[in-house]
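**Q** Dropping in model_37.tsv, which is TSV, C-alpha atoms:
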chain	number	residue	atom	x	y	z
A	1	PRO	CA	4.70	8.11	15.10
A	2	ALA	CA	7.25	5.27	14.90
A	3	ALA	CA	5.64	3.81	11.76
A	4	VAL	CA	7.49	4.97	8.64
A	5	LEU	CA	8.13	3.99	5.04
A	6	PHE	CA	11.50	4.09	3.27
A	7	ASP	CA	11.59	6.45	0.28
A	8	LEU	CA	15.00	8.08	0.72
A	9	TRP	CA	16.14	7.51	-2.87
A	10	VAL	CA	13.50	9.98	-4.05
A	11	GLY	CA	14.21	13.70	-3.63
A	12	ASP	CA	16.43	15.13	-0.88
A	13	ALA	CA	17.07	12.48	1.78
A	14	THR	CA	17.98	15.13	4.36
A	15	ILE	CA	14.40	16.42	4.44
A	16	ARG	CA	12.46	14.58	7.12
A	17	PRO	CA	9.01	15.09	8.65
A	18	ASP	CA	9.12	16.58	12.12
A	19	ALA	CA	6.75	17.61	14.90
A	20	ALA	CA	5.82	20.80	13.07
A	21	ALA	CA	4.92	18.82	9.96
A	22	GLY	CA	2.72	16.54	12.05
A	23	HIS	CA	0.98	19.52	13.61
A	24	ALA	CA	0.44	21.09	10.18
A	25	ALA	CA	-1.09	17.82	8.93
A	26	CYS	CA	-3.55	17.82	11.84
A	27	GLU	CA	-4.45	21.45	11.16
A	28	ALA	CA	-5.06	20.63	7.48
A	29	ALA	CA	-7.30	17.63	8.21
A	30	SER	CA	-10.75	17.80	6.61
A	31	SER	CA	-13.74	15.67	5.74
A	32	ALA	CA	-13.06	16.06	2.02
A	33	HIS	CA	-12.28	12.95	-0.02
A	34	PRO	CA	-8.50	12.39	0.32
A	35	ALA	CA	-6.19	12.78	-2.65
A	36	GLN	CA	-4.68	9.57	-4.00
A	37	GLY	CA	-1.54	8.57	-5.87
A	38	SER	CA	1.71	10.51	-5.62
A	39	VAL	CA	0.76	12.73	-2.70
A	40	GLY	CA	1.53	12.72	1.01
A	41	ALA	CA	3.13	9.47	2.13
A	42	GLY	CA	2.72	8.20	-1.44
A	43	ALA	CA	4.89	10.93	-3.00
A	44	GLY	CA	8.09	8.88	-2.93
A	45	ALA	CA	6.60	5.40	-2.70
A	46	SER	CA	7.69	2.66	-5.08
A	47	VAL	CA	6.78	-0.99	-5.71
A	48	GLY	CA	8.37	-4.04	-7.31
A	49	LYS	CA	11.84	-3.57	-5.79
A	50	LEU	CA	12.89	-7.19	-5.26
A	51	PHE	CA	15.10	-7.03	-8.35
A	52	GLY	CA	16.40	-3.53	-7.60
A	53	ILE	CA	15.07	0.02	-7.67
A	54	GLY	CA	16.09	0.33	-11.32
A	55	ARG	CA	13.33	-2.10	-12.30
A	56	ALA	CA	10.69	-0.75	-9.90
A	57	MET	CA	7.55	1.28	-10.57
A	58	LYS	CA	5.79	4.13	-8.79
A	59	GLY	CA	3.75	3.35	-5.70
A	60	GLY	CA	1.40	5.76	-3.97
A	61	ILE	CA	-1.34	6.24	-1.44
A	62	GLY	CA	-4.90	5.04	-1.95
A	63	THR	CA	-8.21	4.80	-0.18
A	64	ALA	CA	-11.44	2.79	-0.39
A	65	SER	CA	-14.55	2.26	1.70
A	66	ILE	CA	-17.61	0.03	1.89
A	67	LYS	CA	-20.89	0.68	3.70
A	68	VAL	CA	-23.05	-2.28	4.70
A	69	GLY	CA	-26.24	-1.37	6.50
A	70	ALA	CA	-25.46	1.27	9.11
A	71	ILE	CA	-21.73	0.52	9.29
A	72	THR	CA	-18.87	1.77	7.12
A	73	VAL	CA	-15.36	0.33	6.88
A	74	GLY	CA	-12.63	2.29	5.10
A	75	ALA	CA	-8.89	2.06	4.48
A	76	LEU	CA	-6.09	4.49	3.66
A	77	ILE	CA	-2.94	2.69	2.47
A	78	ALA	CA	0.51	3.99	1.48
A	79	VAL	CA	1.92	1.38	-0.91
A	80	ASN	CA	5.72	1.14	-0.87
A	81	ALA	CA	6.19	-2.60	-1.29
A	82	VAL	CA	9.06	-4.87	-2.31
A	83	GLY	CA	6.56	-7.04	-4.17
A	84	ASP	CA	4.24	-6.44	-7.12
A	85	VAL	CA	0.76	-4.98	-6.87
A	86	VAL	CA	-1.66	-7.55	-8.29
A	87	ASP	CA	-5.35	-7.24	-9.15
A	88	PRO	CA	-7.02	-10.03	-7.12
A	89	ALA	CA	-9.86	-10.26	-9.64
A	90	SER	CA	-7.61	-11.16	-12.56
A	91	GLY	CA	-4.23	-12.06	-11.08
A	92	ARG	CA	-2.68	-9.46	-13.38
A	93	VAL	CA	0.29	-7.38	-12.22
A	94	ILE	CA	-0.77	-3.72	-12.15
A	95	ALA	CA	2.56	-2.31	-10.96
A	96	GLY	CA	5.80	-3.99	-9.97
A	97	ALA	CA	9.18	-5.18	-11.14
A	98	LEU	CA	9.76	-4.62	-14.85
A	99	ALA	CA	11.35	-6.88	-17.44
A	100	ASP	CA	14.47	-5.87	-19.37
A	101	ASP	CA	12.42	-3.75	-21.80
A	102	GLY	CA	11.42	-1.43	-18.94
A	103	ARG	CA	7.75	-1.59	-19.87
A	104	THR	CA	6.51	-5.14	-19.31
A	105	PRO	CA	5.81	-6.53	-15.83
A	106	LEU	CA	8.34	-9.20	-14.91
A	107	ASN	CA	5.96	-10.92	-12.46
A	108	THR	CA	8.19	-11.18	-9.42
A	109	LEU	CA	6.76	-14.43	-8.06
A	110	ALA	CA	7.03	-16.17	-11.43
A	111	ALA	CA	10.63	-14.98	-11.73
A	112	LEU	CA	11.46	-16.38	-8.28
A	113	VAL	CA	9.83	-19.71	-9.10
A	114	ASP	CA	11.90	-19.74	-12.30
A	115	GLY	CA	15.06	-19.45	-10.23
A	116	GLN	CA	15.93	-15.78	-10.72
A	117	LEU	CA	17.69	-14.32	-7.68
A	118	PRO	CA	16.68	-10.96	-6.19
A	119	ALA	CA	18.97	-7.98	-5.80
A	120	HIS	CA	20.75	-7.27	-2.52
A	121	LEU	CA	18.13	-5.64	-0.33
A	122	MET	CA	18.43	-3.69	2.89
A	123	ALA	CA	16.13	-4.64	5.74
A	124	GLY	CA	13.36	-2.08	6.02
A	125	MET	CA	13.84	-0.63	2.52
A	126	ALA	CA	10.10	-0.95	1.93
A	127	THR	CA	6.85	-0.80	3.86
A	128	THR	CA	3.18	-0.80	3.04
A	129	ILE	CA	1.59	1.15	5.84
A	130	GLY	CA	-1.99	2.17	6.47
A	131	ILE	CA	-5.05	2.40	8.60
A	132	VAL	CA	-8.46	0.75	8.57
A	133	ALA	CA	-11.30	2.59	10.24
A	134	THR	CA	-14.93	1.89	11.01
A	135	ASP	CA	-17.82	3.69	12.66
A	136	ALA	CA	-18.80	0.48	14.45
A	137	GLN	CA	-18.36	0.22	18.22
A	138	LEU	CA	-15.27	-1.90	18.96
A	139	SER	CA	-13.19	-2.74	21.99
A	140	LYS	CA	-9.40	-2.41	21.84
A	141	ALA	CA	-9.08	-6.18	21.35
A	142	GLN	CA	-11.60	-6.10	18.50
A	143	ALA	CA	-9.77	-3.20	16.83
A	144	ASN	CA	-6.57	-5.23	17.02
A	145	LYS	CA	-8.34	-8.14	15.32
A	146	LEU	CA	-9.66	-5.78	12.65
A	147	ALA	CA	-6.11	-4.65	11.84
A	148	SER	CA	-4.95	-8.27	11.75
A	149	MET	CA	-7.68	-9.33	9.32
A	150	ALA	CA	-7.02	-6.29	7.12
A	151	HIS	CA	-3.58	-7.77	6.34
A	152	ASP	CA	-5.40	-10.40	4.29
A	153	GLY	CA	-6.14	-7.56	1.88
A	154	LEU	CA	-2.41	-6.94	1.51
A	155	SER	CA	-1.91	-10.64	0.82
A	156	ARG	CA	-4.43	-10.46	-2.01
A	157	SER	CA	-3.02	-7.36	-3.65
A	158	VAL	CA	0.76	-7.46	-3.00
A	159	ASN	CA	2.89	-10.43	-4.06
A	160	PRO	CA	5.24	-11.33	-2.45
A	161	VAL	CA	4.10	-9.59	0.72
A	162	HIS	CA	5.49	-9.31	4.27
A	163	THR	CA	9.04	-10.00	3.09
A	164	ALA	CA	12.15	-9.59	5.25
A	165	SER	CA	12.73	-6.20	3.58
A	166	ASP	CA	9.18	-4.96	4.24
A	167	GLY	CA	7.95	-3.45	7.49
A	168	ASP	CA	4.25	-3.74	6.69
A	169	ALA	CA	2.04	-2.23	9.38
A	170	LEU	CA	-1.70	-1.61	9.58
A	171	PHE	CA	-3.51	0.23	12.35
A	172	ALA	CA	-7.22	0.20	13.17
A	173	LEU	CA	-9.61	2.60	14.82
A	174	ALA	CA	-13.31	2.66	15.57
A	175	THR	CA	-15.26	5.86	16.09
A	176	GLY	CA	-18.44	4.17	17.28
A	177	GLY	CA	-20.38	6.80	15.36
A	178	SER	CA	-22.89	4.33	13.95
A	179	GLY	CA	-23.98	3.30	17.43
A	180	LYS	CA	-23.79	-0.33	16.28
A	181	PRO	CA	-21.40	-3.01	17.56
A	182	GLY	CA	-21.00	-4.71	14.22
A	183	HIS	CA	-20.09	-8.35	13.57
A	184	MET	CA	-16.34	-8.98	13.74
A	185	SER	CA	-16.29	-11.63	11.03
A	186	VAL	CA	-18.12	-9.28	8.68
A	187	LEU	CA	-16.04	-6.25	9.67
A	188	GLY	CA	-12.82	-8.19	9.20
A	189	ALA	CA	-13.85	-9.40	5.76
A	190	LEU	CA	-14.75	-5.85	4.75
A	191	ALA	CA	-11.46	-4.54	6.17
A	192	ALA	CA	-9.50	-6.96	3.98
A	193	GLU	CA	-11.56	-5.98	0.94
A	194	VAL	CA	-11.15	-2.22	1.34
A	195	THR	CA	-7.44	-2.68	2.02
A	196	ALA	CA	-6.98	-4.55	-1.26
A	197	ARG	CA	-9.02	-1.96	-3.15
A	198	ALA	CA	-7.03	0.90	-1.60
A	199	VAL	CA	-3.75	-0.72	-2.69
A	200	LEU	CA	-4.97	-0.91	-6.28
A	201	ASN	CA	-6.27	2.67	-6.18
A	202	ALA	CA	-2.88	3.85	-4.93
A	203	VAL	CA	-0.91	2.61	-7.93
A	204	ARG	CA	-3.64	3.39	-10.44
A	205	ALA	CA	-3.63	7.05	-9.35
A	206	ALA	CA	0.16	7.35	-9.08
A	207	GLN	CA	2.25	9.60	-11.31
A	208	GLY	CA	5.67	8.41	-12.48
A	209	LEU	CA	9.03	9.94	-11.60
A	210	ASP	CA	12.03	10.50	-13.87
A	211	ASP	CA	14.70	10.64	-11.14
A	212	PRO	CA	14.96	7.86	-10.24
A	213	HIS	CA	13.03	6.44	-13.17
A	214	LEU	CA	9.85	5.06	-11.64
A	215	PRO	CA	7.15	4.76	-14.33
A	216	SER	CA	3.51	4.69	-13.32
A	217	ALA	CA	0.95	2.02	-14.09
A	218	ARG	CA	-1.03	4.56	-16.11
A	219	ALA	CA	1.98	5.55	-18.22
A	220	LEU	CA	2.64	1.90	-19.12
A	221	GLY	CA	-1.03	1.16	-19.83
A	222	LEU	CA	-1.30	-1.30	-16.93
A	223	ALA	CA	-3.81	0.56	-14.76
Would you write out, as structure tokens, the structure that this file holds?
**A**
Amino acid sequence: PAAVLFDLWVGDATIRPDAAAGHAACEAASSAHPAQGSVGAGAGASVGKLFGIGRAMKGGIGTASIKVGAITVGALIAVNAVGDVVDPASGRVIAGALADDGRTPLNTLAALVDGQLPAHLMAGMATTIGIVATDAQLSKAQANKLASMAHDGLSRSVNPVHTASDGDALFALATGGSGKPGHMSVLGALAAEVTARAVLNAVRAAQGLDDPHLPSARALGLA
């Protein structure tokens, strides 16, 4: 319950989730495929904030899963990053800081390498937060390793990642439902892959906001 993301510049900042909201979320839980984009924790999420919220784009929440043999690994990620969201397959920025025209990706890392200085940022103004889950049988130590390896998926899909203004956190759980122990190297590799895919799905499904102006990847033809 201490893991949060900062989205207080969207909507009414006095409205906060409480114990009743958490209970309602548990009551509403289902086995249906979860909604993605600008819903739940992704409703106020934004990305590409290193050069200020005025040049940022809409973030969101996304999910992905892979089944190999009898074992499934899935991820649910709320993407609210300082950095850009990048497609690992092409290196192309899907959502992030925008250039002066308000439509073209700036490419945050390239701008930093070029000597452009970021805006003044508050510590903790961003966070990509999520969970990786598997039906393999894992010990607590193995689940911790699974969460650690899943961060490699963030490194592939968010750039720059784990900045001083981010509070990135991933959790892991194992239901043991498959009855199989799984192979940690394989599970960790799959965890990183589904995490990266979930990040991309989050911004591709997101809907833009007008106040503040946070365009979506779909609206700008980047998705």
**Q** Which residues are near stretch 68-79 of chain A? Cut-off 6 Å, only C-alpha atoms, ignore same chain within fewer than 3 positions. Put them as a list of chain:residue names.
**A**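 In the requested form, the answer reads A:Gly42, A:Gly59, A:Gly60, A:Ile61, A:Gly62, A:Thr63, A:Ala64, A:Ser65, A:Thr128, A:Ile129, A:Gly130, A:Ile131, A:Val132, A:Ala133, A:Thr134, A:Asp135, A:Ala136, A:Val194, A:Thr195.
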**Q** Mind giving me the straight-line distance from atom CA of A:Ile66 to atom CA of A:Leu200 in Å, one decimal?
**A**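 Those two atoms sit 15.1 Å apart.
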**Q** Which residues are close to A:Ala223, i.e. within 10 Å by only C-alpha atoms, leaving aside same-chain residues fewer than 2 positions away? Reply as a list in words.
**A**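 Final neighbour list, sorted by chain and number: Asp87, Val93, Ile94, Ala95, Leu200, Asn201, Val203, Arg204, Ala205, Ala206, Ser216, Ala217, Arg218, Ala219, Leu220 and Gly221 of chain A.
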**Q** With all atoms of stretch 113-117 of chain A from the file as input, state the centre and edge lengths in Å to one decimal of the axis-aligned box that has 8 Å extra on each side, as AutoDock Vina command-line options.
**A**
--center_x 13.8 --center_y -17.0 --center_z -10.0 --size_x 23.9 --size_y 21.4 --size_z 20.6
**Q** Can you list, as number ranges by chain, every protein, DNA or RNA residue that comes within 12 Å of A:Ser155 when you count only C-alpha atoms, leaving out same-chain residues fewer than 5 positions away?
**A** A: 81, 83-88, 128, 148-150, 160-163, 168, 192-193, 195-197, 199
**Q** Calculated over only C-alpha atoms, which of the candidates A:Leu187, A:Ala126, A:Ala164, A:Val10 has the smallest distance to A:Lys145?
**A**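 Residue with the minimum atom-to-atom distance to A:Lys145: A:Leu187.
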**Q** What does the structure give for the distance between atom CA of A:Met57 and atom CA of A:His213, in Å to one decimal?
**A**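 Interatomic distance here is 8.0 Å.
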**Q** How far is it from atom CA of A:Ala191 to atom CA of A:Asp166, in Å with one decimal?
**A**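 Those two atoms sit 20.7 Å apart.
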**Q** So, with only C-alpha atoms as the atoms that count, which of A:Ala141, A:Leu5, A:Ala41, A:Leu222 lies closest to A:Ala25?
**A**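 Checking each of A:Ala141, A:Leu5, A:Ala41, A:Leu222 against A:Ala25, counting only C-alpha atoms, the winner is A:Ala41.
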**Q** Smallest atom-to-atom distance to A:Pro34: which of A:Val158, A:Ala21, A:Leu214, A:Ala202, using all atoms listed in the file?
**A** A:Ala202
**Q** My list of candidates is A:Ala28, A:Ala56, A:Ala198, A:Leu8. Which is closest to A:Thr104 when distances are computed with all atoms listed in the file?
**A** A:Ala56
**Q** For each of A:His33, A:Lys58, A:Lys140, A:Lys49, take the minimum atom-to-atom distance to A:Ala119, counting all atoms listed in the file, then give the residue where this is smallest.
**A**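 Closest to A:Ala119 of all the choices is A:Lys49.
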